[in-house]
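S.K.: Sharing model.cif (mmCIF, C-alpha atoms and all ligand atoms) below.
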data_input
#
loop_
_atom_site.label_atom_id
_atom_site.label_comp_id
_atom_site.auth_asym_id
_atom_site.auth_seq_id
_atom_site.Cartn_x
_atom_site.Cartn_y
_atom_site.Cartn_z
CA MET M 1 -14.26 2.19 -8.16
CA LYS M 2 -13.50 5.64 -9.44
CA LEU M 3 -10.45 7.59 -8.30
CA ARG M 4 -12.95 10.10 -6.92
CA GLU M 5 -14.20 7.50 -4.43
CA VAL M 6 -10.65 6.62 -3.46
CA LYS M 7 -10.17 10.26 -2.68
CA GLU M 8 -13.25 10.29 -0.46
CA ILE M 9 -12.46 7.04 1.35
CA LEU M 10 -8.99 8.33 2.18
CA ASP M 11 -10.03 11.87 2.83
CA ALA M 12 -7.27 12.66 0.37
CA GLU M 13 -6.10 15.79 -1.30
CA VAL M 14 -5.49 15.71 -5.04
CA ILE M 15 -2.09 17.13 -5.85
CA ILE M 16 -2.17 16.26 -9.53
CA GLY M 17 -5.01 14.88 -11.61
CA GLU M 18 -8.24 16.70 -10.70
CA ASP M 19 -9.22 15.94 -14.28
CA LYS M 20 -8.63 12.21 -13.88
CA LEU M 21 -10.96 11.48 -10.98
CA ASP M 22 -13.28 9.43 -13.18
CA LEU M 23 -10.55 6.85 -13.80
CA GLU M 24 -11.58 3.32 -12.78
CA VAL M 25 -9.32 1.42 -10.39
CA LYS M 26 -9.71 -2.10 -9.05
CA THR M 27 -6.32 -3.09 -7.65
CA ALA M 28 -3.68 -1.62 -5.38
CA PHE M 29 -0.10 -2.30 -4.42
CA GLY M 30 1.53 -0.98 -1.27
CA ALA M 31 5.30 -0.78 -0.88
CA ASP M 32 8.24 1.45 -0.08
CA LEU M 33 10.74 -0.50 -2.14
CA MET M 34 10.72 0.31 -5.80
CA SER M 35 12.10 -3.04 -6.98
CA ASP M 36 9.23 -4.67 -5.15
CA VAL M 37 6.79 -2.50 -7.06
CA LEU M 38 8.64 -3.23 -10.30
CA ALA M 39 8.48 -6.95 -9.62
CA PHE M 40 4.81 -7.21 -8.78
CA ALA M 41 2.56 -4.22 -9.40
CA LYS M 42 0.06 -4.51 -12.23
CA ALA M 43 -0.58 -1.80 -14.78
CA GLY M 44 -3.62 0.27 -13.84
CA SER M 45 -3.18 -0.27 -10.08
CA LEU M 46 -2.99 2.29 -7.35
CA LEU M 47 0.47 2.60 -5.83
CA LEU M 48 0.37 3.29 -2.08
CA THR M 49 3.69 4.43 -0.72
CA GLY M 50 5.46 6.52 1.86
CA LEU M 51 7.97 7.75 -0.70
CA THR M 52 7.64 11.06 -2.51
CA ASN M 53 10.75 11.37 -4.65
CA ASP M 54 11.26 11.43 -8.43
CA GLN M 55 11.96 7.72 -8.51
CA VAL M 56 8.45 6.84 -7.32
CA ILE M 57 7.06 8.86 -10.18
CA ARG M 58 9.41 7.26 -12.70
CA THR M 59 8.53 3.82 -11.36
CA ALA M 60 4.81 4.61 -11.68
CA ASP M 61 5.38 5.75 -15.25
CA ILE M 62 7.37 2.66 -16.20
CA LEU M 63 4.55 0.45 -14.90
CA ASP M 64 1.57 2.51 -16.11
CA ILE M 65 0.33 2.89 -12.56
CA ALA M 66 -3.10 4.58 -12.44
CA ALA M 67 -2.32 6.89 -9.53
CA ILE M 68 0.11 7.32 -6.67
CA ILE M 69 -1.31 7.62 -3.17
CA MET M 70 1.23 9.17 -0.84
CA VAL M 71 0.51 8.17 2.74
CA ARG M 72 1.07 9.77 6.12
CA GLY M 73 0.48 13.27 4.79
CA LYS M 74 3.54 13.21 2.60
CA ARG M 75 3.80 15.58 -0.32
CA PRO M 76 6.12 15.48 -3.29
CA ALA M 77 8.78 18.15 -3.70
CA SER M 78 8.11 20.72 -6.39
CA GLU M 79 10.47 19.05 -8.90
CA ALA M 80 8.63 15.78 -8.45
CA ILE M 81 5.33 17.56 -9.07
CA VAL M 82 6.66 18.98 -12.32
CA LEU M 83 7.82 15.52 -13.36
CA ALA M 84 4.49 13.88 -12.52
CA LYS M 85 2.59 16.59 -14.37
CA GLY M 86 4.74 15.99 -17.43
CA LEU M 87 4.17 12.27 -17.25
CA LYS M 88 0.46 12.79 -16.45
CA ILE M 89 0.45 10.68 -13.31
CA PRO M 90 -2.22 11.55 -10.73
CA ILE M 91 -0.97 12.00 -7.17
CA LEU M 92 -3.15 12.02 -4.08
CA THR M 93 -2.00 12.53 -0.53
CA THR M 94 -3.76 11.11 2.53
CA LYS M 95 -3.05 11.67 6.19
CA TYR M 96 -3.51 7.95 6.96
CA ILE M 97 -0.57 5.60 7.39
CA LEU M 98 -0.08 2.88 4.77
CA PHE M 99 -1.68 0.28 7.04
CA GLU M 100 -4.87 2.25 7.42
CA THR M 101 -4.90 3.39 3.79
CA ALA M 102 -4.78 -0.26 2.71
CA GLY M 103 -7.36 -1.20 5.33
CA ARG M 104 -9.86 1.42 4.19
CA LEU M 105 -9.50 0.63 0.49
CA TYR M 106 -9.59 -3.12 1.05
CA ALA M 107 -12.79 -2.77 3.05
CA LYS M 108 -14.37 -0.99 0.09
CA GLY M 109 -13.47 -3.70 -2.38
CA ILE M 110 -10.11 -2.75 -3.85
CA VAL M 111 -8.07 -5.93 -4.21
CA GLY M 112 -4.35 -6.58 -4.05
CA CYS M 113 -2.24 -7.43 -7.04
CA LEU M 114 0.71 -9.69 -7.35
CA GLU M 115 1.63 -9.92 -10.96
CA LYS M 116 4.13 -12.72 -10.86
CA VAL M 117 3.89 -14.87 -7.76
CA ASP M 118 2.25 -18.14 -8.73
CA ASN M 119 0.07 -18.57 -5.69
CA ALA M 120 -1.42 -15.13 -6.31
CA SER M 121 -4.32 -16.62 -8.23
CA GLY M 122 -5.16 -18.93 -5.36
CA ARG M 123 -6.03 -16.13 -2.98
CA ASN M 124 -9.56 -15.76 -1.70
CA MET D 125 23.67 18.04 -16.79
CA VAL D 126 22.56 15.09 -18.81
CA VAL D 127 24.33 14.55 -22.07
CA TRP D 128 22.26 12.86 -24.71
CA LYS D 129 24.55 11.00 -26.99
CA LYS D 130 23.16 9.59 -30.16
CA LEU D 131 25.55 7.05 -31.57
CA ILE D 132 23.28 6.30 -34.43
CA THR D 133 20.57 8.64 -35.60
CA PRO D 134 17.20 6.95 -35.27
CA VAL D 135 16.11 5.37 -38.49
CA ASP D 136 12.55 4.29 -39.07
CA ALA D 137 11.77 1.14 -37.22
CA THR D 138 10.80 -1.00 -40.13
CA ASP D 139 11.10 -4.73 -39.93
CA LYS D 140 14.38 -4.82 -41.82
CA THR D 141 16.39 -1.99 -40.33
CA PRO D 142 17.40 -2.48 -36.73
CA TYR D 143 16.73 0.64 -34.72
CA GLN D 144 19.62 1.58 -32.50
CA ARG D 145 20.20 4.30 -30.01
CA SER D 146 22.51 4.86 -27.06
CA PHE D 147 21.91 6.93 -23.97
CA TYR D 148 24.44 8.28 -21.54
CA VAL D 149 23.89 7.66 -17.81
CA GLU D 150 25.69 9.67 -15.17
CA GLY D 151 26.73 7.84 -12.00
CA GLY D 152 25.66 9.29 -8.66
CA ASN D 153 23.14 11.70 -10.13
CA PHE D 154 19.69 10.75 -8.90
CA THR D 155 18.01 13.86 -10.26
CA TYR D 156 17.88 12.36 -13.72
CA ALA D 157 17.91 8.69 -12.78
CA GLY D 158 15.23 6.98 -14.83
CA ILE D 159 15.05 9.51 -17.62
CA VAL D 160 16.69 7.11 -20.09
CA SER D 161 14.19 4.36 -19.33
CA THR D 162 11.29 6.78 -19.65
CA SER D 163 12.59 7.66 -23.13
CA ILE D 164 13.13 4.03 -24.08
CA LYS D 165 9.60 3.24 -23.01
CA SER D 166 8.11 6.02 -25.09
CA ILE D 167 10.21 5.08 -28.15
CA LEU D 168 9.01 1.48 -27.92
CA LYS D 169 5.44 2.59 -27.39
CA GLN D 170 5.62 4.79 -30.49
CA MET D 171 6.82 1.81 -32.48
CA GLY D 172 3.52 0.18 -31.63
CA LEU D 173 5.02 -2.77 -29.77
CA PRO D 174 2.67 -4.75 -27.48
CA ALA D 175 2.17 -3.22 -24.03
CA ASP D 176 3.56 -6.21 -22.11
CA VAL D 177 6.71 -6.23 -24.23
CA VAL D 178 7.20 -2.49 -23.69
CA ARG D 179 6.67 -2.97 -19.98
CA LYS D 180 9.28 -5.72 -19.71
CA ALA D 181 11.83 -3.65 -21.65
CA ALA D 182 11.12 -0.56 -19.54
CA ILE D 183 11.54 -2.49 -16.29
CA VAL D 184 14.87 -4.10 -17.21
CA SER D 185 16.16 -0.81 -18.54
CA TYR D 186 15.08 1.07 -15.42
CA GLU D 187 16.63 -1.40 -12.97
CA SER D 188 19.94 -1.31 -14.85
CA GLU D 189 19.84 2.46 -15.12
CA ILE D 190 19.30 2.79 -11.36
CA ASN D 191 22.18 0.39 -10.74
CA ILE D 192 24.51 2.48 -12.91
CA VAL D 193 23.48 5.64 -11.07
CA SER D 194 23.80 3.89 -7.71
CA TYR D 195 27.05 2.02 -8.13
CA ALA D 196 29.03 3.13 -11.19
CA LYS D 197 30.83 6.28 -12.36
CA LYS D 198 29.05 6.45 -15.68
CA GLY D 199 27.55 4.24 -18.29
CA VAL D 200 25.69 3.80 -21.51
CA ILE D 201 22.37 2.12 -22.17
CA LYS D 202 22.06 0.87 -25.69
CA LEU D 203 18.72 0.04 -27.24
CA THR D 204 18.45 -2.11 -30.33
CA VAL D 205 15.15 -3.11 -31.88
CA ASP D 206 15.02 -5.54 -34.75
CA SER D 207 12.23 -7.55 -36.30
CA GLN D 208 12.36 -10.24 -33.61
CA THR D 209 13.74 -8.74 -30.43
CA ILE D 210 14.40 -5.75 -28.22
CA GLN D 211 17.94 -5.73 -26.90
CA ILE D 212 19.06 -3.56 -24.05
CA GLU D 213 22.69 -3.36 -23.08
CA ALA D 214 23.88 -1.58 -19.95
CA ILE D 215 27.59 -0.95 -19.99
CA ASP D 216 29.24 0.98 -17.20
CA GLU D 217 32.56 2.19 -15.94
CA GLY D 218 32.85 1.62 -12.22
CA PRO D 219 33.93 -0.84 -9.55
CA GLY D 220 32.36 -3.83 -11.30
CA ILE D 221 30.65 -6.66 -9.44
CA PRO D 222 33.16 -8.80 -7.55
CA ASN D 223 30.82 -11.74 -6.99
CA ILE D 224 28.07 -12.00 -9.58
CA ASP D 225 26.39 -15.06 -8.03
CA LEU D 226 26.11 -13.20 -4.77
CA ALA D 227 24.85 -10.02 -6.43
CA MET D 228 22.19 -12.04 -8.23
CA GLN D 229 20.83 -13.40 -4.96
CA GLU D 230 17.55 -11.85 -3.98
CA GLY D 231 18.06 -9.66 -0.94
CA TYR D 232 21.79 -9.08 -1.40
CA SER D 233 22.56 -5.38 -1.53
CA THR D 234 25.41 -3.03 -0.78
CA ALA D 235 23.20 0.04 -1.21
CA ASP D 236 24.00 2.86 1.18
CA GLN D 237 21.55 4.78 3.33
CA LYS D 238 20.93 7.43 0.67
CA ILE D 239 19.94 4.83 -1.90
CA ARG D 240 17.76 3.00 0.61
CA GLU D 241 15.90 6.11 1.57
CA MET D 242 14.94 6.54 -2.05
CA GLY D 243 13.33 3.12 -2.01
CA PHE D 244 16.13 1.16 -3.59
CA GLY D 245 18.45 -1.39 -2.07
CA ALA D 246 16.06 -4.31 -1.66
CA GLY D 247 18.53 -6.47 -3.56
CA MET D 248 15.91 -7.39 -6.11
CA GLY D 249 16.97 -5.37 -9.13
CA LEU D 250 19.13 -7.96 -10.86
CA CYS D 251 16.51 -10.64 -10.13
CA ASN D 252 13.85 -8.45 -11.70
CA ILE D 253 16.09 -7.92 -14.72
CA LYS D 254 16.61 -11.64 -15.09
CA ASN D 255 12.94 -12.48 -14.63
CA TYR D 256 11.69 -9.91 -17.11
CA SER D 257 14.26 -10.76 -19.81
CA ASP D 258 13.89 -13.65 -22.20
CA THR D 259 17.68 -13.87 -22.39
CA PHE D 260 19.97 -12.31 -19.81
CA ASN D 261 23.75 -12.05 -19.69
CA ILE D 262 25.87 -10.38 -17.06
CA SER D 263 29.62 -10.03 -16.81
CA SER D 264 32.01 -7.77 -15.02
CA GLU D 265 35.61 -6.86 -14.67
CA ILE D 266 36.67 -5.74 -11.22
CA GLY D 267 37.78 -2.14 -11.22
CA LYS D 268 36.51 -1.61 -14.78
CA GLY D 269 32.76 -2.02 -14.81
CA ALA D 270 29.75 -4.19 -15.43
CA PHE D 271 28.11 -5.35 -18.64
CA LEU D 272 24.51 -6.48 -18.87
CA LYS D 273 22.66 -7.63 -21.94
CA MET D 274 18.94 -8.25 -21.91
CA ILE D 275 16.94 -9.61 -24.83
CA ILE D 276 13.18 -9.45 -24.94
CA ASP D 277 11.26 -11.26 -27.66
CA ARG D 278 8.81 -9.07 -29.51
CA HIS D 279 6.21 -11.78 -29.84
CA MET U 280 -6.62 -9.63 19.37
CA ASN U 281 -3.34 -11.39 19.97
CA ILE U 282 -0.67 -13.07 17.88
CA GLU U 283 -2.17 -16.51 18.30
CA THR U 284 -5.55 -15.43 16.97
CA ILE U 285 -4.09 -13.56 14.04
CA ILE U 286 -2.04 -16.60 13.04
CA LYS U 287 -5.18 -18.71 13.02
CA GLU U 288 -7.40 -16.17 11.29
CA LEU U 289 -4.95 -15.33 8.53
CA ASN U 290 -3.26 -18.67 8.13
CA LEU U 291 0.19 -17.31 8.92
CA LYS U 292 3.27 -19.44 9.24
CA LEU U 293 5.06 -18.86 12.50
CA ARG U 294 8.83 -18.79 11.98
CA SER U 295 10.05 -17.61 15.34
CA ALA U 296 7.77 -18.50 18.20
CA THR U 297 9.90 -17.26 21.03
CA GLY U 298 7.92 -14.16 21.80
CA ASP U 299 4.75 -13.86 23.79
CA LEU U 300 2.01 -15.18 21.54
CA LYS U 301 -0.72 -13.94 23.85
CA LYS U 302 0.58 -10.43 23.57
CA ASN U 303 -2.12 -7.99 22.56
CA ILE U 304 -1.96 -6.37 19.13
CA SER U 305 -3.12 -2.80 19.42
CA GLY U 306 -2.54 -1.59 15.88
CA GLY U 307 -0.73 -2.17 12.62
CA TYR U 308 2.07 -0.55 10.69
CA THR U 309 3.00 -1.36 7.11
CA GLY U 310 6.32 -0.18 5.75
CA ASP U 311 9.68 -1.18 4.35
CA LEU U 312 11.86 1.77 5.30
CA LEU U 313 13.37 1.16 8.68
CA SER U 314 13.79 4.82 9.48
CA ASP U 315 10.10 5.42 8.77
CA VAL U 316 9.01 2.50 10.92
CA MET U 317 11.34 3.65 13.69
CA ALA U 318 9.87 7.11 13.60
CA ASN U 319 6.19 6.43 13.12
CA SER U 320 5.08 3.03 14.36
CA HIS U 321 3.74 2.45 17.85
CA GLU U 322 4.18 0.05 20.70
CA GLY U 323 1.93 -2.98 20.29
CA ASP U 324 1.75 -2.63 16.49
CA ILE U 325 2.00 -5.64 14.31
CA TRP U 326 4.57 -4.67 11.67
CA ILE U 327 3.95 -5.74 8.08
CA THR U 328 6.98 -5.62 5.79
CA ARG U 329 8.92 -7.38 3.07
CA GLN U 330 12.31 -6.63 4.59
CA VAL U 331 13.91 -9.85 5.81
CA HIS U 332 17.28 -8.81 7.17
CA GLN U 333 18.12 -8.84 10.84
CA ASN U 334 17.73 -5.09 11.35
CA ILE U 335 13.96 -5.57 11.38
CA VAL U 336 14.26 -7.37 14.70
CA ALA U 337 16.18 -4.49 16.20
CA VAL U 338 13.50 -2.05 15.09
CA ALA U 339 10.62 -4.25 16.29
CA SER U 340 12.34 -4.73 19.61
CA LEU U 341 13.15 -1.06 20.12
CA LYS U 342 9.59 -0.08 19.26
CA ASP U 343 8.01 -2.91 21.28
CA HIS U 344 6.06 -4.27 18.37
CA ALA U 345 3.76 -7.21 19.01
CA GLY U 346 5.41 -9.03 16.11
CA ILE U 347 6.46 -8.93 12.47
CA ILE U 348 4.60 -10.38 9.50
CA LEU U 349 6.61 -10.85 6.33
CA ILE U 350 4.51 -10.60 3.21
CA ASN U 351 4.53 -12.23 -0.18
CA SER U 352 6.04 -15.45 1.19
CA CYS U 353 9.31 -13.68 2.02
CA GLU U 354 11.33 -15.84 4.40
CA PRO U 355 13.40 -14.30 7.19
CA ALA U 356 17.17 -14.54 6.82
CA LYS U 357 18.94 -16.97 9.14
CA ASP U 358 20.51 -14.29 11.32
CA THR U 359 17.11 -12.58 11.50
CA LEU U 360 15.67 -15.71 13.15
CA GLU U 361 18.59 -15.96 15.54
CA ARG U 362 18.18 -12.35 16.52
CA ALA U 363 14.40 -12.78 16.86
CA ALA U 364 14.98 -15.63 19.29
CA GLN U 365 17.28 -13.44 21.37
CA GLU U 366 14.94 -10.48 21.40
CA ASN U 367 11.69 -12.43 21.81
CA ILE U 368 10.03 -11.15 18.67
CA PRO U 369 7.52 -13.39 16.92
CA ILE U 370 8.02 -13.49 13.14
CA MET U 371 5.32 -14.78 10.84
CA VAL U 372 5.08 -15.26 7.08
CA SER U 373 2.06 -14.66 4.86
CA ASP U 374 1.65 -15.39 1.17
CA LEU U 375 -0.45 -12.27 0.68
CA SER U 376 0.73 -8.91 -0.62
CA ALA U 377 1.29 -6.04 1.81
CA PHE U 378 -1.92 -4.41 0.63
CA GLU U 379 -4.11 -7.43 1.09
CA LEU U 380 -2.59 -8.51 4.37
CA SER U 381 -2.89 -4.98 5.76
CA GLY U 382 -6.51 -4.96 4.61
CA LYS U 383 -7.26 -8.19 6.45
CA VAL U 384 -5.41 -7.27 9.64
CA TYR U 385 -7.13 -3.89 9.69
CA ASP U 386 -10.46 -5.62 9.34
CA LEU U 387 -9.71 -8.07 12.16
CA LEU U 388 -8.54 -5.33 14.50
CA ALA U 389 -11.65 -3.30 13.78
CA LYS U 390 -13.92 -6.27 14.50
CA LYS U 391 -12.33 -7.53 17.65
CA ASP U 392 -11.56 -4.34 19.50
N1 LIG M 401 26.47 -1.78 -12.21
C1 LIG M 401 26.94 -2.21 -11.04
N2 LIG M 401 28.20 -1.93 -10.63
C2 LIG M 401 28.67 -2.36 -9.44
N3 LIG M 401 27.95 -3.09 -8.57
C3 LIG M 401 26.67 -3.40 -8.91
C4 LIG M 401 26.10 -2.99 -10.15
N4 LIG M 401 24.84 -3.45 -10.21
C5 LIG M 401 24.63 -4.13 -9.08
N5 LIG M 401 25.72 -4.11 -8.29
C6 LIG M 401 25.89 -4.78 -6.98
O1 LIG M 401 24.97 -5.84 -6.89
C7 LIG M 401 24.08 -5.65 -5.77
C8 LIG M 401 22.70 -6.18 -6.12
O2 LIG M 401 22.11 -5.38 -7.15
P1 LIG M 401 20.52 -5.36 -7.32
O3 LIG M 401 20.18 -4.40 -8.40
O4 LIG M 401 20.05 -6.76 -7.48
O5 LIG M 401 20.01 -4.86 -5.92
P2 LIG M 401 20.14 -3.39 -5.28
O6 LIG M 401 20.50 -2.40 -6.33
O7 LIG M 401 21.06 -3.48 -4.13
O8 LIG M 401 18.65 -3.12 -4.76
P3 LIG M 401 17.34 -2.90 -5.69
O9 LIG M 401 17.76 -3.06 -7.10
O10 LIG M 401 16.37 -3.94 -5.23
O11 LIG M 401 16.85 -1.54 -5.39
C9 LIG M 401 24.14 -4.17 -5.49
O12 LIG M 401 23.80 -3.86 -4.16
C10 LIG M 401 25.60 -3.85 -5.81
O13 LIG M 401 26.44 -4.26 -4.76
MG MG M 402 19.38 -2.34 -8.14
#
Represent the supplied structure as structure tokens.
M.R.:
Amino acid sequence: MKLREVKEILDAEVIIGEDKLDLEVKTAFGADLMSDVLAFAKAGSLLLTGLTNDQVIRTADILDIAAIIMVRGKRPASEAIVLAKGLKIPILTTKYILFETAGRLYAKGIVGCLEKVDNASGRN
Amino acid sequence: MVVWKKLITPVDATDKTPYQRSFYVEGGNFTYAGIVSTSIKSILKQMGLPADVVRKAAIVSYESEINIVSYAKKGVIKLTVDSQTIQIEAIDEGPGIPNIDLAMQEGYSTADQKIREMGFGAGMGLCNIKNYSDTFNISSEIGKGAFLKMIIDRH
Amino acid sequence: MNIETIIKELNLKLRSATGDLKKNISGGYTGDLLSDVMANSHEGDIWITRQVHQNIVAVASLKDHAGIILINSCEPAKDTLERAAQENIPIMVSDLSAFELSGKVYDLLAKKD
């Protein structure tokens, strides 16, 4: 699905990356703990999180995350926006909580990703 | 202010010459936390190393950088790239790690509220470092600091 | 939708069965920052998290959550289980990621309500 559809499904506002809405995304990872993201999130995934600080943006950059979806109406501070612009990481904000954000995307076919856990491939 | 210290001027990353560069990390300063790892990632990318190798190096560097910022006074991250491996050393001055076995346990963390609110403090960082390194060494002297060495094979 | 049904539907492993398994689940909340969950989750929510330490029980109990599901095969710490027994909070474990589990629970809640 294109980032543009993600935006529609989540009724989201694009904070950075209007020009990247044609990006294809298939997987998502939801977490508030950065080491969890670093352990498991696949490159090219959406990162759904309640955090908005610089570290989320750095983590997304380190992992080549396709876009950050900030949940519960959260917006990054202006320094974080500057950082994300520099690193070219799209940021969307949705008013839904993480639970509902995941629910809506999952219903439309986005799948989870667990890079390293062995039983990940056995999921249905 | 971040001080960028170049111990060795970057030489071209040919197969024979090891590339070496050191970066200063300031303890307690979260504004710039991660900037070193972002640089290391882009250096490795420019060298044309495979994406999964760059990713592993960036992750281990980032977790150690965050640990220096979170727990130490200051530190240095040293990147060495030779024909076979990427080596990342994280050397800090700080309290050190009193019980390394305990610190290596997933879930063990002494992170304070401030660190937790930033999304750190899951007690997974050292495990991530170990899992993403092909060779991992950690040592510490109480009251002096911690020393981590991670080696990632290029192939 | 109650805890018993969700365990069956999603193949969860029940680790602390002391709570009321017939208790109705009215919503879901996914999050790993305790202060966020404290502030924004609701009574009757099923809480999805990867935090395993005993403070999760305190939060779930204060907020009257229906129960806690730990994701990604994370096992609760020993004192977490002890505390869960005291506070009557059911704790379950899933091998799915937070995203996928939230997706499935959301789907179930939408169907059955
Ligand atoms: N450089 C260091 N100096 C002193 N103590 C350290 C250092 N690195 C780690 N520790 C100690 O080891 C513990 C575990 O570290 P680890 O990186 O695994 O988890 P964390 O930093 O607590 O959380 P996470 O990395 O998941 O965000 C830390 O909480 C801290 O007590
Ligand atoms: Mg850490």
S.K.: Within 12 Å of ligand LIG 401 (chain M), which residues of chain M show up? Give each one with its shortest atom-to-atom distance in Å (one decimal) and the two atoms involved, counting only C-alpha atoms and all ligand atoms, rows by chain then rising residue number, as JSON lines.
M.R.:
{"residue": "M:Asp32", "atom": "CA", "partner": "M:LIG401", "partner_atom": "O11", "distance": 10.5}
{"residue": "M:Leu33", "atom": "CA", "partner": "M:LIG401", "partner_atom": "O11", "distance": 7.0}
{"residue": "M:Met34", "atom": "CA", "partner": "M:LIG401", "partner_atom": "O11", "distance": 6.4}
{"residue": "M:Ser35", "atom": "CA", "partner": "M:LIG401", "partner_atom": "O10", "distance": 4.7}
{"residue": "M:Asp36", "atom": "CA", "partner": "M:LIG401", "partner_atom": "O10", "distance": 7.2}
{"residue": "M:Val37", "atom": "CA", "partner": "M:LIG401", "partner_atom": "O10", "distance": 9.9}
{"residue": "M:Leu38", "atom": "CA", "partner": "M:LIG401", "partner_atom": "O10", "distance": 9.3}
{"residue": "M:Ala39", "atom": "CA", "partner": "M:LIG401", "partner_atom": "O10", "distance": 9.5}
{"residue": "M:Gln55", "atom": "CA", "partner": "M:LIG401", "partner_atom": "O11", "distance": 10.9}
{"residue": "M:Thr59", "atom": "CA", "partner": "M:LIG401", "partner_atom": "O11", "distance": 11.6}
S.K.: Those selected residues, please, written with C-alpha atoms and delivered as an mmCIF file, in the frame of the given file.
M.R.:
data_model
loop_
_atom_site.group_PDB
_atom_site.id
_atom_site.type_symbol
_atom_site.label_atom_id
_atom_site.label_comp_id
_atom_site.auth_asym_id
_atom_site.auth_seq_id
_atom_site.Cartn_x
_atom_site.Cartn_y
_atom_site.Cartn_z
ATOM 1 C CA ASP M 32 8.240 1.450 -0.080
ATOM 2 C CA LEU M 33 10.740 -0.500 -2.140
ATOM 3 C CA MET M 34 10.720 0.310 -5.800
ATOM 4 C CA SER M 35 12.100 -3.040 -6.980
ATOM 5 C CA ASP M 36 9.230 -4.670 -5.150
ATOM 6 C CA VAL M 37 6.790 -2.500 -7.060
ATOM 7 C CA LEU M 38 8.640 -3.230 -10.300
ATOM 8 C CA ALA M 39 8.480 -6.950 -9.620
ATOM 9 C CA GLN M 55 11.960 7.720 -8.510
ATOM 10 C CA THR M 59 8.530 3.820 -11.360
#
S.K.: One decimal, in Å: what's the spacing between CA of Gln170 (chain D) and CA of Lys273 (chain D)?
M.R.: 22.8 Å
S.K.: Let me make sure I understand: among M:Gly103, M:Gly50, M:Gly73, M:Gly109, which one has the smallest atom-to-atom distance to chain U if we use only C-alpha atoms?
M.R.: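 Ranking M:Gly103, M:Gly50, M:Gly73, M:Gly109 by distance to chain U, first place goes to M:Gly103.
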S.K.: Counting all atoms listed in the file, what is within 10 Å of region 79-89 of chain M, bar same-chain residues fewer than 5 positions away, as a list in words?
M.R.: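 Surrounding residues, per the criterion: Ile15, Ile16, Gly17, Lys20, Thr52, Asn53, Asp54, Gln55, Val56, Ile57, Arg58, Ala60, Asp61, Asp64, Ile65, Ala66, Ala67 and Ile68 of chain M; Thr155 and Thr162 of chain D.
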S.K.: Using all atoms listed in the file, find the residues of chain D whose closest atom to chain U is at most 10 Å away, then write them as a list in words.
M.R.: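 Written out as asked, the residues are Gly231, Tyr232, Gln237, Arg240, Glu241, Met242, Gly243, Phe244 and Ala246 of chain D.
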S.K.: Taking all atoms listed in the file into account, which residues are within 12 Å of ligand MG 402 (chain M), as a ChimeraX atom specification?
M.R.: /M:33-36,38-39 /D:183-196,227-236,239-240,242-254
S.K.: Show me a table, sorted first by chain and then by increasing residue number, of the residues of chain U having an atom at most 8 Å from chain M, each with its shortest atom pair and the distance in Å to one decimal, counting only C-alpha atoms and written as JSON lines.
M.R.:
{"residue": "U:Gly307", "atom": "CA", "partner": "M:Phe99", "partner_atom": "CA", "distance": 6.2}
{"residue": "U:Tyr308", "atom": "CA", "partner": "M:Phe99", "partner_atom": "CA", "distance": 5.3}
{"residue": "U:Thr309", "atom": "CA", "partner": "M:Phe99", "partner_atom": "CA", "distance": 5.0}
{"residue": "U:Gly310", "atom": "CA", "partner": "M:Asp32", "partner_atom": "CA", "distance": 6.4}
{"residue": "U:Asp311", "atom": "CA", "partner": "M:Asp32", "partner_atom": "CA", "distance": 5.3}
{"residue": "U:Leu312", "atom": "CA", "partner": "M:Asp32", "partner_atom": "CA", "distance": 6.5}
{"residue": "U:Asp374", "atom": "CA", "partner": "M:Asn119", "partner_atom": "CA", "distance": 7.7}
{"residue": "U:Leu375", "atom": "CA", "partner": "M:Ala120", "partner_atom": "CA", "distance": 7.6}
{"residue": "U:Ser376", "atom": "CA", "partner": "M:Gly112", "partner_atom": "CA", "distance": 6.6}
{"residue": "U:Ala377", "atom": "CA", "partner": "M:Gly30", "partner_atom": "CA", "distance": 5.9}
{"residue": "U:Phe378", "atom": "CA", "partner": "M:Gly30", "partner_atom": "CA", "distance": 5.2}
{"residue": "U:Glu379", "atom": "CA", "partner": "M:Gly112", "partner_atom": "CA", "distance": 5.2}
{"residue": "U:Ser381", "atom": "CA", "partner": "M:Phe99", "partner_atom": "CA", "distance": 5.5}
{"residue": "U:Gly382", "atom": "CA", "partner": "M:Gly103", "partner_atom": "CA", "distance": 3.9}
{"residue": "U:Lys383", "atom": "CA", "partner": "M:Gly103", "partner_atom": "CA", "distance": 7.1}
{"residue": "U:Val384", "atom": "CA", "partner": "M:Gly103", "partner_atom": "CA", "distance": 7.7}
{"residue": "U:Tyr385", "atom": "CA", "partner": "M:Gly103", "partner_atom": "CA", "distance": 5.1}
{"residue": "U:Asp386", "atom": "CA", "partner": "M:Gly103", "partner_atom": "CA", "distance": 6.7}
S.K.: Residues near Ile282 (chain U), anyone? I mean within 12 Å using all atoms listed in the file, not counting same-chain ones fewer than 6 positions away, as a ChimeraX atom specification.
M.R.: /U:288-293,295-306,323-326,344-348,368-371,384,387-388
S.K.: What gap, in Å, lies between CA of Val178 (chain D) and CA of Phe260 (chain D)?
M.R.: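 So the two atoms, CA of Val178 (chain D) and CA of Phe260 (chain D), lie 16.6 Å apart.
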S.K.: Could you tell me how far CA of Leu203 (chain D) lies from CA of Asn261 (chain D), in Å and to one decimal?
M.R.: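 Result for CA of Leu203 (chain D) versus CA of Asn261 (chain D): 15.1 Å, one decimal.
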S.K.: Quick one: of D:Gly158, D:Gly199, D:Pro142, D:Gly267, who's nearest to chain M, counting all atoms listed in the file?
M.R.: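 Residue with the minimum atom-to-atom distance to chain M: D:Gly158.
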